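See structure below.
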Amino acid sequence: MGVLAESLARIKPSPTIAVTDLARKLKAEGRDIIGLGAGEPDFDTPDFVKEAAIEAIRRGDTKYTAVDGTPALKNAIVRKFARENGLDYKASEISVANGGKQVLYNAFVATLNPGDEVVIPAPYWVSYPDMVLLAGGKPVFVTCPEQTGFKLRAEDLDEAITPRTKWVLLNSPSNPTGTAYSADELKVICDVLRRHPHVWVMTDDIYEHLVYGEFEFNTVVQVAPELRDRTLTINGVSKAYAMTGWRIGYAGGPEALIKGMAKVQSQSTSNPSSISQAAAAAALEGPQQFLSAWRLAFQERRDLVVERLNEARGLRCHKPDGAFYVYPSCAGTIGKRMPDGSVIGSSEDFARYLLEDAGVAVVHGSAFGLDPFFRISYATSKEVLQEACTRIIQACDRLS
Ligand code: PLP
């Protein structure tokens, strides 16, 4: 009998982390690699947030805190939800964990019985299905095709829901496509959810602040307040405030669920770092003006990447409203020959070709459940993105 549990055989290591690690390794070996795999902003955490953390250390905030968040941070989150989303959560309806990732994991472990189904629109963030599997649930995928801008169609959602459905997971703006739902589009989805009162709704709003042009972010409970009693609204400071390493995510939801999630956390990690919690409270309560400058920088990068990728032979790139990803189709490269004579048979082959031949690391679409596509993270400088796009265009030209 091996040492590893059977449940581990059901899951795979995160493919996005694997690509980032491979790019790092090749770089360390002296290869000229541009990494477009990582899902984190390239900006630095704002100074006022760092100062709040230093102050917390000096103050002696260096001990265990309440398992699922300090009162100060929970109150800051209550005010954030009220100010930015018009939601009226109480502190007892807030949960804080080590990143949005742990919030999701706690929620699945706290709620899934063996065989319970979780509806996941595809393409999806790589961790959703594996977390569901680890918690004993069954992921049910609903394809969101390129033709609808990778948006979930109401009739497809309706069809995917069964008596075993526990959760429907929504993620807008989305990782990996950047697709974001307008208030009206979200209402159509909520109309379906309203008709299935046994279904709970998990909305992962972690890219809330990264929306471009005239697009306005909306969340489920805002457009459908009647779903409040069965919705978990998930968010975090990682992406909005360039705080991926601080590991603070949070959620608002019905008290019984929040208590269940705290129970899971109390027997696993206990509280997230006391210092990070102080920093996150400062981020949520401090000046927010710098966010518009970041948003503008991301928007310019998105425009550049979309325009240039559409110059590449065999690629087609939509223009999404949010996050810092694009999800171009590489269907036009499938079946073509690489300079070494071998044929591109999948997005994985194409991604490997870009890495080995052009020195550009991207993540293949099969990791996200819709192929043949690949994901580019444009959270890097315009100069680097120009160079990466030039390399991709040239690599596509070398295919025959
Ligand atoms: N949700 C989505 C869609 C993400 O892309 C990520 C990170 O990549 C997370 C949640 C979790 O972020 P964190 O755990 O850093 O809060």
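In the structure tokens, chains take letters A, B, ... by order of appearance, with residues numbered from 1 within each chain and ligands from 1 in the order shown.
Neighbouring residues of Leu133 of chain A at 12 Å or closer, counting only C-alpha atoms and skipping chain neighbours under 4 positions away, are Glu6, Ser7, Leu8, Ala9, Arg10, Ile11, Lys12, Tyr105, Phe108, Val109, Leu112, Asn113, Pro114, Gly115, Asp116, Glu117, Val118, Ser127, Tyr128, Pro129, Gly137, Lys138, Pro139 and Val140 of chain A.
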Please dump the current selection as a CSV table (one decimal), in the first residue's frame; keep N, CA and C atoms.
chain,number,residue,atom,x,y,z
A,6,GLU,N,-6.0,7.8,-1.9
A,6,GLU,CA,-6.6,7.7,-3.2
A,6,GLU,C,-7.2,9.0,-3.7
A,7,SER,N,-7.6,9.9,-2.8
A,7,SER,CA,-8.2,11.1,-3.2
A,7,SER,C,-7.2,12.0,-4.0
A,8,LEU,N,-5.9,11.7,-3.7
A,8,LEU,CA,-4.9,12.5,-4.4
A,8,LEU,C,-4.8,12.1,-5.9
A,9,ALA,N,-5.1,10.9,-6.2
A,9,ALA,CA,-5.1,10.5,-7.6
A,9,ALA,C,-6.1,11.2,-8.5
A,10,ARG,N,-7.1,11.7,-7.8
A,10,ARG,CA,-8.2,12.4,-8.6
A,10,ARG,C,-7.8,13.8,-9.0
A,11,ILE,N,-6.7,14.3,-8.5
A,11,ILE,CA,-6.3,15.7,-8.8
A,11,ILE,C,-4.9,15.8,-9.4
A,12,LYS,N,-4.7,17.0,-10.0
A,12,LYS,CA,-3.3,17.2,-10.6
A,12,LYS,C,-2.7,18.5,-9.9
A,105,TYR,N,-11.9,26.7,-0.8
A,105,TYR,CA,-11.7,25.3,-0.3
A,105,TYR,C,-12.5,25.1,1.0
A,108,PHE,N,-16.2,24.5,0.1
A,108,PHE,CA,-16.5,23.2,-0.5
A,108,PHE,C,-16.4,22.1,0.6
A,109,VAL,N,-15.3,22.1,1.5
A,109,VAL,CA,-15.2,21.1,2.5
A,109,VAL,C,-16.4,21.2,3.5
A,112,LEU,N,-19.9,20.1,1.0
A,112,LEU,CA,-20.1,19.0,0.0
A,112,LEU,C,-20.2,17.6,0.7
A,113,ASN,N,-21.3,16.9,0.4
A,113,ASN,CA,-21.4,15.5,0.7
A,113,ASN,C,-21.0,14.7,-0.5
A,114,PRO,N,-20.5,13.4,-0.3
A,114,PRO,CA,-20.0,12.7,-1.4
A,114,PRO,C,-21.0,12.7,-2.6
A,115,GLY,N,-20.5,13.0,-3.8
A,115,GLY,CA,-21.4,13.0,-5.0
A,115,GLY,C,-22.2,14.2,-5.2
A,116,ASP,N,-22.1,15.2,-4.3
A,116,ASP,CA,-22.8,16.5,-4.6
A,116,ASP,C,-22.2,17.2,-5.8
A,117,GLU,N,-23.0,17.8,-6.6
A,117,GLU,CA,-22.5,18.3,-7.8
A,117,GLU,C,-22.3,19.9,-7.7
A,118,VAL,N,-21.2,20.3,-8.4
A,118,VAL,CA,-20.9,21.7,-8.4
A,118,VAL,C,-20.8,22.1,-9.9
A,127,SER,N,-8.2,25.7,-10.4
A,127,SER,CA,-8.3,25.1,-9.1
A,127,SER,C,-9.7,24.6,-8.8
A,128,TYR,N,-10.7,25.2,-9.4
A,128,TYR,CA,-12.1,24.9,-9.1
A,128,TYR,C,-12.4,23.4,-9.1
A,129,PRO,N,-12.2,22.7,-10.2
A,129,PRO,CA,-12.6,21.3,-10.2
A,129,PRO,C,-11.8,20.4,-9.2
A,137,GLY,N,-16.8,16.2,-3.9
A,137,GLY,CA,-17.9,16.5,-4.8
A,137,GLY,C,-17.6,16.1,-6.2
A,138,LYS,N,-18.6,16.5,-7.1
A,138,LYS,CA,-18.4,16.1,-8.5
A,138,LYS,C,-18.6,17.4,-9.4
A,139,PRO,N,-17.5,17.8,-10.0
A,139,PRO,CA,-17.6,18.9,-10.9
A,139,PRO,C,-18.5,18.6,-12.1
A,140,VAL,N,-19.4,19.5,-12.5
A,140,VAL,CA,-20.2,19.4,-13.7
A,140,VAL,C,-19.9,20.6,-14.6
Exercise: Tyr325 of chain A partners within 7 Å, only C-alpha atoms, chain neighbours under 2 positions left out, as a CSV table (one decimal) with C-alpha atoms, in the first residue's frame:
chain,number,residue,atom,x,y,z
A,175,ASN,CA,-9.8,33.7,-15.2
A,176,PRO,CA,-8.8,32.6,-17.9
A,177,THR,CA,-10.9,34.5,-20.4
A,178,GLY,CA,-11.3,38.0,-18.9
A,323,ALA,CA,-9.1,40.7,-15.4
A,327,TYR,CA,-7.7,33.5,-24.1
A,375,ARG,CA,-4.1,31.8,-21.8
A,376,ILE,CA,-1.9,34.9,-21.8
A,377,SER,CA,-1.5,36.9,-18.6
A,378,TYR,CA,-0.7,40.5,-19.6
Kindly provide the residues of chain A that approach ligand 1 to within 7 Å, each paired with its closest atom pair and their distance in Å to one decimal, based on only C-alpha atoms and all ligand atoms, listed by chain and increasing number, as CSV.
residue,atom,partner,partner_atom_place_in_ligand_line,distance
A:Gly39,CA,ligand 1,8 (O),5.3
A:Asn98,CA,ligand 1,14 (O),6.7
A:Gly99,CA,ligand 1,14 (O),3.5
A:Gly100,CA,ligand 1,16 (O),3.5
A:Lys101,CA,ligand 1,14 (O),3.8
A:Gln102,CA,ligand 1,14 (O),6.5
A:Trp125,CA,ligand 1,3 (C),5.3
A:Asn171,CA,ligand 1,3 (C),6.3
A:Ser174,CA,ligand 1,3 (C),6.1
A:Asn175,CA,ligand 1,3 (C),4.9
A:Asp204,CA,ligand 1,1 (N),5.9
A:Ile206,CA,ligand 1,1 (N),5.7
A:Gly236,CA,ligand 1,16 (O),5.1
A:Val237,CA,ligand 1,16 (O),6.6
A:Ser238,CA,ligand 1,15 (O),4.8
A:Thr244,CA,ligand 1,15 (O),4.9
A:Arg247,CA,ligand 1,15 (O),5.9
A:Ile248,CA,ligand 1,16 (O),6.0
A:Gly249,CA,ligand 1,16 (O),4.8
Store the residues of this selection in a file with C-alpha atoms, as a compact mmCIF listing (two decimals), in the first residue's frame.
# COMPACT_ATOMS: atom_id res chain seq x y z
CA GLY A 39 -1.68 35.30 -12.55
CA ASN A 98 -5.41 32.63 3.53
CA GLY A 99 -6.38 33.91 0.09
CA GLY A 100 -9.52 33.52 -1.94
CA LYS A 101 -8.23 30.04 -2.59
CA GLN A 102 -8.70 28.95 1.01
CA TRP A 125 -9.87 28.68 -13.14
CA ASN A 171 -16.42 34.03 -11.83
CA SER A 174 -13.03 35.47 -15.41
CA ASN A 175 -9.76 33.69 -15.17
CA ASP A 204 -15.76 34.60 -7.18
CA ILE A 206 -11.57 38.46 -7.09
CA GLY A 236 -9.75 39.21 -1.80
CA VAL A 237 -6.91 41.70 -1.85
CA SER A 238 -4.46 39.67 -4.01
CA THR A 244 -0.72 38.04 -3.82
CA ARG A 247 -2.54 35.73 1.40
CA ILE A 248 -5.79 37.38 2.40
CA GLY A 249 -9.13 36.47 0.86
One-decimal distance in Å that lies between atom CA of Trp200 of chain A and atom CA of Ala154 of chain A | 16.2 Å
Test item: residues at most 9 Å from Pro372 of chain A, only C-alpha atoms, excluding those fewer than 5 positions along its chain, as a PyMOL selection string | chain A and resi 328-331+334+346-348+364-366
All residues 10 Å or closer to Thr380 of chain A, only C-alpha atoms, same chain fewer than 3 positions away omitted, as a PyMOL selection string | chain A and resi 34-36+38+40-43+297-298+301+324+377+383-385
Residues just named, written with N, CA and C atoms as a short mmCIF file (atom, residue, chain, number, x, y, z; two decimals), in the first residue's frame:
data_model
loop_
_atom_site.label_atom_id
_atom_site.label_comp_id
_atom_site.auth_asym_id
_atom_site.auth_seq_id
_atom_site.Cartn_x
_atom_site.Cartn_y
_atom_site.Cartn_z
N ILE A 34 10.26 34.83 -21.76
CA ILE A 34 9.28 35.80 -21.28
C ILE A 34 8.13 35.00 -20.68
N GLY A 35 7.89 35.20 -19.40
CA GLY A 35 6.84 34.44 -18.71
C GLY A 35 5.51 35.18 -18.76
N LEU A 36 4.54 34.62 -19.47
CA LEU A 36 3.19 35.21 -19.48
C LEU A 36 2.20 34.23 -18.85
N ALA A 38 2.01 33.70 -15.23
CA ALA A 38 1.63 33.96 -13.83
C ALA A 38 0.40 34.85 -13.72
N GLU A 40 -0.53 37.20 -11.56
CA GLU A 40 -0.43 38.22 -10.52
C GLU A 40 0.00 39.55 -11.10
N PRO A 41 -0.52 40.65 -10.52
CA PRO A 41 -0.15 41.98 -11.02
C PRO A 41 1.35 42.20 -10.84
N ASP A 42 1.95 42.93 -11.78
CA ASP A 42 3.39 43.22 -11.65
C ASP A 42 3.64 44.45 -10.81
N PHE A 43 2.59 45.16 -10.38
CA PHE A 43 2.79 46.35 -9.53
C PHE A 43 3.22 45.93 -8.14
N ALA A 297 -3.48 51.25 -16.96
CA ALA A 297 -2.28 50.55 -17.45
C ALA A 297 -2.67 49.17 -17.98
N PHE A 298 -3.52 48.47 -17.25
CA PHE A 298 -3.96 47.13 -17.70
C PHE A 298 -4.76 47.23 -19.00
N ARG A 301 -2.52 47.64 -21.91
CA ARG A 301 -1.83 46.38 -22.20
C ARG A 301 -2.78 45.40 -22.91
N PHE A 324 -6.72 40.26 -16.11
CA PHE A 324 -5.54 40.60 -16.93
C PHE A 324 -5.13 39.41 -17.79
N SER A 377 -1.29 35.94 -19.67
CA SER A 377 -1.47 36.94 -18.62
C SER A 377 -0.69 38.18 -19.06
N GLU A 383 6.55 47.01 -22.91
CA GLU A 383 7.76 46.66 -23.68
C GLU A 383 7.87 45.14 -23.76
N VAL A 384 7.71 44.49 -22.61
CA VAL A 384 7.81 43.02 -22.58
C VAL A 384 6.70 42.39 -23.42
N LEU A 385 5.50 42.97 -23.34
CA LEU A 385 4.38 42.42 -24.11
C LEU A 385 4.60 42.59 -25.61
#
Quick one: residues within 8 Å of segment 72-88 of chain A, only C-alpha atoms counted, chain neighbours fewer than 6 positions away excluded, as a list in words?
->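 Residues near the query, excluding close chain neighbours: Ile94, Ser95, Val96, Asn218, Thr219, Val221, Gln222, Tyr250, Gln277, Ala278, Ala280, Ala281, Leu284 and Glu285 of chain A.
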Find the spatial neighbours of segment 255-261 of chain A, counting only C-alpha atoms, within a cut-off of 8 Å - ignore same-chain residues fewer than 4 positions away - and output them as number ranges by chain.
-> A: 92-95, 103, 106-107, 109-111, 265
Which residue out of A:Ile393, A:Leu193, A:Val360, A:Val201 has the minimum interatomic distance to Arg24 of chain A when only C-alpha atoms are used?
->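 Nearest candidate to Arg24 of chain A out of A:Ile393, A:Leu193, A:Val360, A:Val201: A:Val360.
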In segment 41-246 of chain A, what's helix (DSSP H, G or I) per DSSP? Answer as number ranges by chain?
-> A: 47-59, 71-85, 91-93, 99-111, 127-134, 146-148, 154-160, 183-194, 220-223, 225-230, 244-246
Residue with smallest distance to Arg302 of chain A - pool A:Pro15, A:Gly322, A:Pro287, A:Gly314, counting only C-alpha atoms =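 Comparing A:Pro15, A:Gly322, A:Pro287, A:Gly314 against Arg302 of chain A, the winner is A:Gly322.
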One decimal, Å: what's the distance from atom CA of Gly286 of chain A over to atom CA of Val49 of chain A, could you say?
->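 We find that atom CA of Gly286 of chain A and atom CA of Val49 of chain A lie 8.2 Å from each other.
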Selected residue, from A:Asp32, A:Asp205, A:Glu55, A:Asp340, that lies nearest to Leu104 of chain A when counting only C-alpha atoms |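 Looking only at the distances to Leu104 of chain A, the closest residue turns out to be A:Asp205.
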Residues near segment 316-321 of chain A, anyone? I mean within 10 Å using only C-alpha atoms, not counting same-chain ones fewer than 5 positions away, as a JSON list (two decimals) with N, CA and C atoms, in the first residue's frame.
[["chain", "number", "residue", "atom", "x", "y", "z"],
["A", 146, "GLU", "N", -16.69, 30.28, -27.39],
["A", 146, "GLU", "CA", -16.07, 31.53, -27.85],
["A", 146, "GLU", "C", -17.12, 32.45, -28.49],
["A", 147, "GLN", "N", -18.09, 31.85, -29.19],
["A", 147, "GLN", "CA", -19.11, 32.64, -29.91],
["A", 147, "GLN", "C", -19.95, 33.50, -28.98],
["A", 149, "GLY", "N", -18.68, 34.94, -26.40],
["A", 149, "GLY", "CA", -17.70, 35.68, -25.61],
["A", 149, "GLY", "C", -17.35, 34.92, -24.35],
["A", 150, "PHE", "N", -17.43, 33.59, -24.42],
["A", 150, "PHE", "CA", -17.15, 32.69, -23.28],
["A", 150, "PHE", "C", -18.12, 32.92, -22.14],
["A", 172, "SER", "N", -16.66, 36.35, -12.46],
["A", 172, "SER", "CA", -16.68, 37.48, -13.39],
["A", 172, "SER", "C", -16.02, 38.68, -12.73],
["A", 173, "PRO", "N", -15.02, 39.31, -13.39],
["A", 173, "PRO", "CA", -14.32, 38.90, -14.59],
["A", 173, "PRO", "C", -13.63, 37.55, -14.39],
["A", 174, "SER", "N", -13.47, 36.86, -15.50],
["A", 174, "SER", "CA", -13.03, 35.47, -15.41],
["A", 174, "SER", "C", -11.53, 35.26, -15.61],
["A", 177, "THR", "N", -10.49, 33.84, -19.18],
["A", 177, "THR", "CA", -10.87, 34.54, -20.42],
["A", 177, "THR", "C", -10.95, 36.06, -20.28],
["A", 178, "GLY", "N", -11.09, 36.57, -19.04],
["A", 178, "GLY", "CA", -11.29, 38.00, -18.85],
["A", 178, "GLY", "C", -12.74, 38.42, -19.05],
["A", 179, "THR", "N", -13.58, 37.47, -19.44],
["A", 179, "THR", "CA", -15.00, 37.76, -19.68],
["A", 179, "THR", "C", -15.69, 38.25, -18.41],
["A", 180, "ALA", "N", -16.50, 39.30, -18.58],
["A", 180, "ALA", "CA", -17.22, 39.83, -17.42],
["A", 180, "ALA", "C", -18.69, 40.01, -17.80],
["A", 181, "TYR", "N", -19.58, 39.77, -16.84],
["A", 181, "TYR", "CA", -21.02, 39.85, -17.10],
["A", 181, "TYR", "C", -21.55, 41.23, -16.72],
["A", 182, "SER", "N", -22.31, 41.85, -17.62],
["A", 182, "SER", "CA", -22.97, 43.12, -17.29],
["A", 182, "SER", "C", -24.11, 42.80, -16.31],
["A", 210, "LEU", "N", -10.64, 45.04, -11.71],
["A", 210, "LEU", "CA", -9.95, 45.07, -13.00],
["A", 210, "LEU", "C", -10.96, 44.96, -14.13],
["A", 211, "VAL", "N", -11.67, 46.06, -14.37],
["A", 211, "VAL", "CA", -12.60, 46.13, -15.50],
["A", 211, "VAL", "C", -12.30, 47.41, -16.28],
["A", 212, "TYR", "N", -12.56, 47.38, -17.59],
["A", 212, "TYR", "CA", -12.02, 48.42, -18.47],
["A", 212, "TYR", "C", -13.08, 49.16, -19.25],
["A", 213, "GLY", "N", -12.68, 50.35, -19.69],
["A", 213, "GLY", "CA", -13.59, 51.18, -20.49],
["A", 213, "GLY", "C", -14.80, 51.55, -19.66],
["A", 214, "GLU", "N", -15.97, 51.43, -20.27],
["A", 214, "GLU", "CA", -17.21, 51.82, -19.59],
["A", 214, "GLU", "C", -17.79, 50.70, -18.74],
["A", 215, "PHE", "N", -17.15, 49.53, -18.77],
["A", 215, "PHE", "CA", -17.74, 48.37, -18.11],
["A", 215, "PHE", "C", -17.92, 48.59, -16.61],
["A", 216, "GLU", "N", -19.09, 48.22, -16.09],
["A", 216, "GLU", "CA", -19.34, 48.35, -14.65],
["A", 216, "GLU", "C", -19.47, 46.98, -14.02],
["A", 217, "PHE", "N", -18.71, 46.75, -12.96],
["A", 217, "PHE", "CA", -18.77, 45.47, -12.26],
["A", 217, "PHE", "C", -20.08, 45.33, -11.48],
["A", 299, "GLN", "N", -5.59, 48.26, -19.08],
["A", 299, "GLN", "CA", -6.42, 48.41, -20.28],
["A", 299, "GLN", "C", -5.54, 48.62, -21.52],
["A", 302, "ARG", "N", -4.01, 45.35, -22.42],
["A", 302, "ARG", "CA", -4.99, 44.47, -23.06],
["A", 302, "ARG", "C", -5.14, 44.85, -24.54],
["A", 303, "ASP", "N", -5.31, 46.17, -24.79],
["A", 303, "ASP", "CA", -5.53, 46.62, -26.17],
["A", 303, "ASP", "C", -4.35, 46.24, -27.06],
["A", 305, "VAL", "N", -2.10, 43.79, -26.61],
["A", 305, "VAL", "CA", -1.99, 42.34, -26.79],
["A", 305, "VAL", "C", -3.05, 41.83, -27.77],
["A", 306, "VAL", "N", -4.29, 42.30, -27.62],
["A", 306, "VAL", "CA", -5.36, 41.84, -28.49],
["A", 306, "VAL", "C", -5.05, 42.22, -29.94],
["A", 307, "GLU", "N", -4.64, 43.47, -30.13],
["A", 307, "GLU", "CA", -4.37, 43.93, -31.49],
["A", 307, "GLU", "C", -3.23, 43.13, -32.13],
["A", 308, "ARG", "N", -2.16, 42.94, -31.38],
["A", 308, "ARG", "CA", -0.99, 42.27, -31.96],
["A", 308, "ARG", "C", -1.25, 40.78, -32.17],
["A", 309, "LEU", "N", -1.94, 40.13, -31.24],
["A", 309, "LEU", "CA", -2.18, 38.69, -31.42],
["A", 309, "LEU", "C", -3.06, 38.42, -32.63],
["A", 310, "ASN", "N", -3.95, 39.38, -32.92],
["A", 310, "ASN", "CA", -4.80, 39.19, -34.10],
["A", 310, "ASN", "C", -4.02, 39.34, -35.41],
["A", 311, "GLU", "N", -2.75, 39.81, -35.32],
["A", 311, "GLU", "CA", -1.88, 39.85, -36.51],
["A", 311, "GLU", "C", -1.25, 38.49, -36.76],
["A", 326, "VAL", "N", -6.01, 37.19, -21.60],
["A", 326, "VAL", "CA", -6.76, 36.95, -22.84],
["A", 326, "VAL", "C", -6.65, 35.46, -23.13],
["A", 327, "TYR", "N", -7.61, 34.98, -23.91],
["A", 327, "TYR", "CA", -7.71, 33.55, -24.14],
["A", 327, "TYR", "C", -7.86, 33.32, -25.65],
["A", 328, "PRO", "N", -6.74, 33.49, -26.38],
["A", 328, "PRO", "CA", -6.85, 33.40, -27.84],
["A", 328, "PRO", "C", -7.04, 31.96, -28.32],
["A", 329, "SER", "N", -7.72, 31.84, -29.46],
["A", 329, "SER", "CA", -7.87, 30.54, -30.10],
["A", 329, "SER", "C", -6.61, 30.26, -30.92],
["A", 330, "CYS", "N", -6.11, 29.02, -30.82],
["A", 330, "CYS", "CA", -4.99, 28.63, -31.69],
["A", 330, "CYS", "C", -5.46, 27.53, -32.65],
["A", 331, "ALA", "N", -6.79, 27.51, -32.91],
["A", 331, "ALA", "CA", -7.34, 26.49, -33.80],
["A", 331, "ALA", "C", -6.65, 26.52, -35.16],
["A", 332, "GLY", "N", -6.31, 27.73, -35.63],
["A", 332, "GLY", "CA", -5.69, 27.87, -36.95],
["A", 332, "GLY", "C", -4.27, 27.34, -37.04],
["A", 373, "PHE", "N", -7.31, 26.60, -27.19],
["A", 373, "PHE", "CA", -7.02, 27.98, -26.82],
["A", 373, "PHE", "C", -5.76, 27.99, -25.95]]
So how many Å separate atom CA of Asp44 of chain A and atom CA of Ala242 of chain A, to one decimal?
->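 For atom CA of Asp44 of chain A relative to atom CA of Ala242 of chain A, the distance reads 6.1 Å.
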DSSP on the backbone: what in segment 251-378 of chain A comes out strand (DSSP E or B), as a list in words?
->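 Put together, the selection reads Ala251, Gly252, Arg316, Gly322, Tyr325, Val326, Ser329, Arg337, Val343, Val360, Ala361, Val363, His364, Phe373, Phe374, Arg375, Ile376 and Ser377 of chain A.
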